[in-house]
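To keep things clear, I will list the structure first and then write my remarks on it.
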Amino acid sequence: MTLSVQGYCDPRFDSVKQVFEAQLESGADLGASFSATYQGETVVDLWGGYLDLERTRPWQTDTLVNVYSTTKTMSFLCAMILADRGLLDFDAPVSRYWPEFAAGDKSGVLVWHLMNHAAGLSGTDERLAGDDLYDWDKVTDVLARQTPWWQPGSETGYHALTQGYLIGEVVRRITGQTLGQFFAREVAEPLGADFFIGVPEAEFPRIGLLVPPPADGVLRGSGDADSISVRTFRSPRTSALDSHTDAWRRAEIPAANGHGNARAVAKIHTALANEGQVDGVQLLSPEICRSVMRPRIQGQDLVLGFPVAFGLGFGLNPVAAGRRNLCFWGGWGGSSAIIDQDNRLSFSYVMNKMADRLLGDDRGAKLAAAVFKSLPK
């Protein structure tokens, strides 16, 4: 039998709890958490299941797991905070903040191109893997020297791992802090949110290991060997099993190795859903929150192979019909985050049993559908 689901669920959202329980009972989930805020208040905060395949260790209220690309949304927020303070211009050349970046015919790459996977730097010509990913200066030096694989700003190509280094280096050049440090001081600590980009060793015992997807736990692109999709995942290269190592946990890989739970993700994104405010903390201005929903680029993504529309970093595809001001993103294996400004709604799903999907999966989609059906008509 599955361990009973723990936490709180507002009666209006009881159908969400039912879906969450059913997914644990069926085995679709091993262990998971789900949380939602509505009009600034927490209405769902659930967790349940197990941390191990033997089902001996229960998922705890403070369990942390690697959420892969849901981490990207945290780097977006860091950049937005700097823009709010007048320290970063999304329409400025990246080289204004990072002069060495102009090499390799990149003087025309703008900051918003980094945010929206449009910089032409979805992968690297120089092979990077393993310990290379933990060497910030090495990776950013490689990216600074590289020539874009396509005309920047013309198309998108999912920057699966490189995006975090690119945005993170801009943040570092402006603030003198790594992105993980800036995020901790300016986002996680003020909000009391249990999320880390670079996990302190003292928190390691709380981390639940991810169960890799049915394949071999390595991402690969589609097409021939020279396709942008294949080259993107060839380098930088990582495996789901890397997330089990201390080196991965300690490192700052702001596109992929954030550790947290659904409560933390939903709480942080309440800022975007609630005109910048979370529990009395004004994290962002209402103006920049609204700007996230303005489409900046859209079309067939060169890496993902399907159409995507982007605002400031977040995807703007119509996840829920009829909800105009809605943005989202998700992580390899299934984690997800959705923000609906029309309803002042933020919710997140985080799990340990990975599906073989790059950006969220059906488990999160079923929970999302239950949330939307629970909203007042």
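Convention: chains lettered A, B, ... in structure tokens order; per-chain residue numbering from 1; ligands numbered from 1 as shown.
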key: Residue contacts of Leu316 in chain A (10 Å, only C-alpha atoms) excluding same-chain residues fewer than 5 positions away, as an MDAnalysis selection string   = chainID A and resid 292:296 298 308:311 324:329
Selected residues, N, CA and C atoms, written as an mmCIF file, in the first residue's frame, please.
data_model
loop_
_atom_site.group_PDB
_atom_site.id
_atom_site.type_symbol
_atom_site.label_atom_id
_atom_site.label_comp_id
_atom_site.auth_asym_id
_atom_site.auth_seq_id
_atom_site.Cartn_x
_atom_site.Cartn_y
_atom_site.Cartn_z
ATOM 1 N N VAL A 292 6.446 39.534 -18.529
ATOM 2 C CA VAL A 292 6.761 38.128 -18.803
ATOM 3 C C VAL A 292 5.808 37.554 -19.840
ATOM 4 N N MET A 293 4.572 38.059 -19.847
ATOM 5 C CA MET A 293 3.546 37.492 -20.720
ATOM 6 C C MET A 293 3.565 38.054 -22.144
ATOM 7 N N ARG A 294 4.461 38.989 -22.416
ATOM 8 C CA ARG A 294 4.537 39.549 -23.772
ATOM 9 C C ARG A 294 5.409 38.657 -24.650
ATOM 10 N N PRO A 295 4.847 38.059 -25.709
ATOM 11 C CA PRO A 295 5.655 37.188 -26.577
ATOM 12 C C PRO A 295 6.820 37.945 -27.209
ATOM 13 N N ARG A 296 8.002 37.362 -27.143
ATOM 14 C CA ARG A 296 9.181 37.964 -27.756
ATOM 15 C C ARG A 296 9.657 37.181 -28.976
ATOM 16 N N GLN A 298 8.718 33.242 -31.264
ATOM 17 C CA GLN A 298 7.976 31.987 -31.313
ATOM 18 C C GLN A 298 8.243 31.285 -32.633
ATOM 19 N N VAL A 308 7.183 26.626 -29.976
ATOM 20 C CA VAL A 308 7.180 27.211 -28.641
ATOM 21 C C VAL A 308 7.121 28.727 -28.776
ATOM 22 N N ALA A 309 6.399 29.375 -27.872
ATOM 23 C CA ALA A 309 6.405 30.833 -27.775
ATOM 24 C C ALA A 309 7.014 31.198 -26.432
ATOM 25 N N PHE A 310 7.874 32.213 -26.416
ATOM 26 C CA PHE A 310 8.536 32.621 -25.191
ATOM 27 C C PHE A 310 8.227 34.073 -24.856
ATOM 28 N N GLY A 311 8.013 34.328 -23.566
ATOM 29 C CA GLY A 311 7.986 35.681 -23.035
ATOM 30 C C GLY A 311 9.385 35.968 -22.526
ATOM 31 N N ARG A 324 -5.243 33.784 -20.937
ATOM 32 C CA ARG A 324 -4.322 34.554 -21.778
ATOM 33 C C ARG A 324 -2.985 34.793 -21.093
ATOM 34 N N ASN A 325 -3.010 35.169 -19.834
ATOM 35 C CA ASN A 325 -1.783 35.530 -19.131
ATOM 36 C C ASN A 325 -1.281 34.357 -18.294
ATOM 37 N N LEU A 326 -0.802 33.354 -18.989
ATOM 38 C CA LEU A 326 -0.311 32.139 -18.354
ATOM 39 C C LEU A 326 1.059 31.793 -18.917
ATOM 40 N N CYS A 327 1.992 31.468 -18.031
ATOM 41 C CA CYS A 327 3.309 31.031 -18.478
ATOM 42 C C CYS A 327 3.713 29.772 -17.707
ATOM 43 N N PHE A 328 4.732 29.089 -18.195
ATOM 44 C CA PHE A 328 5.091 27.802 -17.604
ATOM 45 C C PHE A 328 6.518 27.427 -17.949
ATOM 46 N N TRP A 329 7.022 26.446 -17.250
ATOM 47 C CA TRP A 329 8.201 25.701 -17.682
ATOM 48 C C TRP A 329 8.239 24.393 -16.916
#
inquiry  = I'd like the contact shell of Arg220 in chain A - 8 Å cut-off, only C-alpha atoms, skipping same-chain residues fewer than 2 positions apart - returned as a list in words.
reply    =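 Skipping anything fewer than 2 positions along the chain leaves Val218, Ser222, Ser229, Val230, Phe233 and Arg234 of chain A.
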task = Would you list, as a PyMOL selection string, the residues of range 141-307 of chain A that end up in helix (DSSP H, G or I) under DSSP run on this structure's backbone?
result = chain A and resi 141-145+162-175+179-191+201-206+228-234+240-244+246-250+262-273+286-291
inquiry  = Just want the 12 Å neighbourhood of Lys138 in chain A, counted on only C-alpha atoms, with same-chain residues fewer than 5 positions away dropped. Output as a PyMOL selection string.
reply    = chain A and resi 124+126-129+131-133+143-145+165+169+236
Keeping only C-alpha atoms, write the selected residues to a file as an mmCIF file, in the first residue's frame.
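Below is the file that was written, part24.cif:
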data_model
loop_
_atom_site.group_PDB
_atom_site.id
_atom_site.type_symbol
_atom_site.label_atom_id
_atom_site.label_comp_id
_atom_site.auth_asym_id
_atom_site.auth_seq_id
_atom_site.Cartn_x
_atom_site.Cartn_y
_atom_site.Cartn_z
ATOM 1 C CA THR A 124 29.327 23.814 -27.442
ATOM 2 C CA GLU A 126 34.377 22.098 -27.527
ATOM 3 C CA ARG A 127 33.308 18.887 -25.798
ATOM 4 C CA LEU A 128 32.207 19.393 -22.194
ATOM 5 C CA ALA A 129 31.110 16.601 -19.859
ATOM 6 C CA ASP A 131 33.657 17.486 -14.106
ATOM 7 C CA ASP A 132 33.780 20.168 -16.817
ATOM 8 C CA LEU A 133 30.225 21.137 -15.869
ATOM 9 C CA LEU A 143 30.753 30.002 -24.497
ATOM 10 C CA ALA A 144 32.414 33.417 -24.740
ATOM 11 C CA ARG A 145 34.708 32.195 -27.522
ATOM 12 C CA TYR A 165 25.802 29.582 -17.465
ATOM 13 C CA GLU A 169 27.607 34.974 -15.951
ATOM 14 C CA PRO A 236 27.587 19.829 -22.658
#
Mind running range 65-119 of chain A against range 344-361 of chain A at 8 Å and telling me each contacting residue's nearest atom pair with the distance in Å (one decimal), counting only C-alpha atoms, chain and number ascending, as JSON lines?
{"residue": "A:Val65", "atom": "CA", "partner": "A:Asn352", "partner_atom": "CA", "distance": 6.8}
{"residue": "A:Val67", "atom": "CA", "partner": "A:Val350", "partner_atom": "CA", "distance": 6.8}
{"residue": "A:Ser69", "atom": "CA", "partner": "A:Leu359", "partner_atom": "CA", "distance": 7.6}
task = Determine which residues of range 244-347 of chain A DSSP labels as strand (DSSP E or B) from the backbone of this structure, then write them out as a list in words.
result =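 Here are the strand (DSSP E or B) residues of range 244-347 of chain A: Gly258, His259, Gly260, Gln277, Val278, Val281, Gln282, Ile297, Gln298, Gly299, Gln300, Pro307, Val308, Ala309, Phe310, Gly315, Leu326, Cys327, Phe328, Trp329, Gly330, Ser336, Ala337, Ile338, Ile339, Asp340, Leu345, Ser346 and Phe347 of chain A.
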Next, the residues of the selection above should be written as a short mmCIF file (atom, residue, chain, number, x, y, z; two decimals), in the first residue's frame with C-alpha atoms.
data_model
loop_
_atom_site.label_atom_id
_atom_site.label_comp_id
_atom_site.auth_asym_id
_atom_site.auth_seq_id
_atom_site.Cartn_x
_atom_site.Cartn_y
_atom_site.Cartn_z
CA GLY A 258 18.31 23.33 -8.62
CA HIS A 259 17.08 21.34 -5.61
CA GLY A 260 13.76 22.01 -3.95
CA GLN A 277 4.31 40.15 -3.83
CA VAL A 278 4.79 37.05 -1.67
CA VAL A 281 7.60 40.79 0.42
CA GLN A 282 7.60 42.83 -2.80
CA ILE A 297 9.85 35.05 -30.12
CA GLN A 298 7.98 31.99 -31.31
CA GLY A 299 8.18 29.22 -33.86
CA GLN A 300 9.49 25.70 -34.38
CA PRO A 307 6.58 25.08 -31.74
CA VAL A 308 7.18 27.21 -28.64
CA ALA A 309 6.41 30.83 -27.78
CA PHE A 310 8.54 32.62 -25.19
CA GLY A 315 7.04 29.38 -22.23
CA LEU A 326 -0.31 32.14 -18.35
CA CYS A 327 3.31 31.03 -18.48
CA PHE A 328 5.09 27.80 -17.60
CA TRP A 329 8.20 25.70 -17.68
CA GLY A 330 9.17 22.18 -16.71
CA SER A 336 6.73 21.62 -13.64
CA ALA A 337 5.73 25.15 -12.71
CA ILE A 338 2.72 27.09 -14.00
CA ILE A 339 1.80 30.72 -13.34
CA ASP A 340 -1.65 32.07 -14.24
CA LEU A 345 -2.44 31.28 -9.39
CA SER A 346 0.94 29.54 -9.02
CA PHE A 347 1.44 25.79 -8.77
#
query = If we count only C-alpha atoms, what is near Phe183 in chain A at a cut-off of 12 Å, once residues fewer than 3 positions away on the same chain are taken out, given as a PyMOL selection string?
reply = chain A and resi 71-82+168+171-172+175+177-180+186-198+252+254+258+268+283
Residues within 6 Å of range 85-98 of chain A, only C-alpha atoms, excluding chain neighbours under 5 positions, as a VMD selection string = chain A and resid 109 to 112
Print the selection's residues with C-alpha atoms to a file, as a PDB file, in the first residue's frame.
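Here's the written file out_32.pdb:
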ATOM      1  CA  VAL A 109      23.512  38.893 -29.118  1.00  0.00           C
ATOM      2  CA  LEU A 110      21.070  40.609 -26.756  1.00  0.00           C
ATOM      3  CA  VAL A 111      20.254  39.691 -23.177  1.00  0.00           C
ATOM      4  CA  TRP A 112      16.733  38.585 -24.077  1.00  0.00           C
TER       5      TRP A 112
END
query = Of the candidates A:Arg363, A:Phe13, A:Glu54, A:Ala368, which shows the shortest atom-to-atom distance to Ala28 in chain A, using only C-alpha atoms?
reply =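 Closest to Ala28 in chain A of all the choices is A:Arg363.
The closest residue to Asp84 in chain A, picked from A:Gly276, A:Pro11, A:Gly27, A:Pro148 and counting only C-alpha atoms, is A:Gly276.
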key: Near-Gln151 in chain A list (10 Å; only C-alpha atoms; drop same-chain fewer than 6 positions) as number ranges by chain   = A: 106, 108-109, 118-120
Restricting it to N, CA and C atoms, dump the selection as a PDB file, in the first residue's frame.
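The new file out.pdb reads:
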ATOM      1  N   LYS A 106      29.581  37.683 -31.770  1.00  0.00           N
ATOM      2  CA  LYS A 106      28.411  37.706 -30.902  1.00  0.00           C
ATOM      3  C   LYS A 106      28.086  39.099 -30.375  1.00  0.00           C
ATOM      4  N   GLY A 108      26.148  41.160 -31.497  1.00  0.00           N
ATOM      5  CA  GLY A 108      24.722  41.447 -31.678  1.00  0.00           C
ATOM      6  C   GLY A 108      23.799  40.591 -30.826  1.00  0.00           C
ATOM      7  N   VAL A 109      24.358  39.715 -29.988  1.00  0.00           N
ATOM      8  CA  VAL A 109      23.512  38.893 -29.118  1.00  0.00           C
ATOM      9  C   VAL A 109      23.006  39.754 -27.968  1.00  0.00           C
ATOM     10  N   ALA A 118      17.533  31.928 -27.772  1.00  0.00           N
ATOM     11  CA  ALA A 118      17.676  32.435 -29.131  1.00  0.00           C
ATOM     12  C   ALA A 118      19.088  32.946 -29.425  1.00  0.00           C
ATOM     13  N   ALA A 119      20.060  32.598 -28.584  1.00  0.00           N
ATOM     14  CA  ALA A 119      21.423  33.115 -28.750  1.00  0.00           C
ATOM     15  C   ALA A 119      22.269  32.306 -29.715  1.00  0.00           C
ATOM     16  N   GLY A 120      21.767  31.142 -30.166  1.00  0.00           N
ATOM     17  CA  GLY A 120      22.555  30.293 -31.056  1.00  0.00           C
ATOM     18  C   GLY A 120      23.636  29.523 -30.337  1.00  0.00           C
TER      19      GLY A 120
END
If we count only C-alpha atoms, what is near range 202-204 of chain A at a cut-off of 10 Å, once residues fewer than 4 positions away on the same chain are taken out, given as an mmCIF file with C-alpha atoms, in the first residue's frame?
data_model
loop_
_atom_site.group_PDB
_atom_site.id
_atom_site.type_symbol
_atom_site.label_atom_id
_atom_site.label_comp_id
_atom_site.auth_asym_id
_atom_site.auth_seq_id
_atom_site.Cartn_x
_atom_site.Cartn_y
_atom_site.Cartn_z
ATOM 1 C CA THR A 63 12.465 16.481 1.146
ATOM 2 C CA LEU A 64 14.511 18.082 -1.637
ATOM 3 C CA PHE A 196 19.003 25.831 -3.687
ATOM 4 C CA GLY A 208 15.945 12.255 -2.432
ATOM 5 C CA ASP A 246 28.014 15.237 -4.267
ATOM 6 C CA ARG A 249 24.821 18.882 -5.774
ATOM 7 C CA ARG A 250 27.541 21.338 -4.770
#
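Among the candidates A:Arg237, A:Arg231, A:Lys267, A:His117, the one nearest to Asp45 in chain A when counting only C-alpha atoms is A:Lys267.
The nearest approach to Gln39 in chain A among the residues A:Thr232, A:Ser374, A:Asn343, A:Ser15, with only C-alpha atoms taken into account, belongs to A:Asn343.
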inquiry  = So the first atom is CA of Gly31 in chain A and the second is CA of Gly217 in chain A; what is the distance between them in Å, to one decimal place?
reply    =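 Interatomic distance, CA of Gly31 in chain A to CA of Gly217 in chain A: 18.7 Å.
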request  = For each of A:Gln163, A:Ser107, A:Asn116, A:Gln341, take the minimum atom-to-atom distance to Glu275 in chain A, counting only C-alpha atoms, then give the residue where this is smallest.
outcome  =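 The answer is A:Gln341, which sits nearest to Glu275 in chain A.
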request  = Please measure the separation of CA of Val43 in chain A and CA of Asp62 in chain A, giving the value in Å to one decimal.
outcome  =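 Value for the CA of Val43 in chain A-CA of Asp62 in chain A distance: 17.9 Å.
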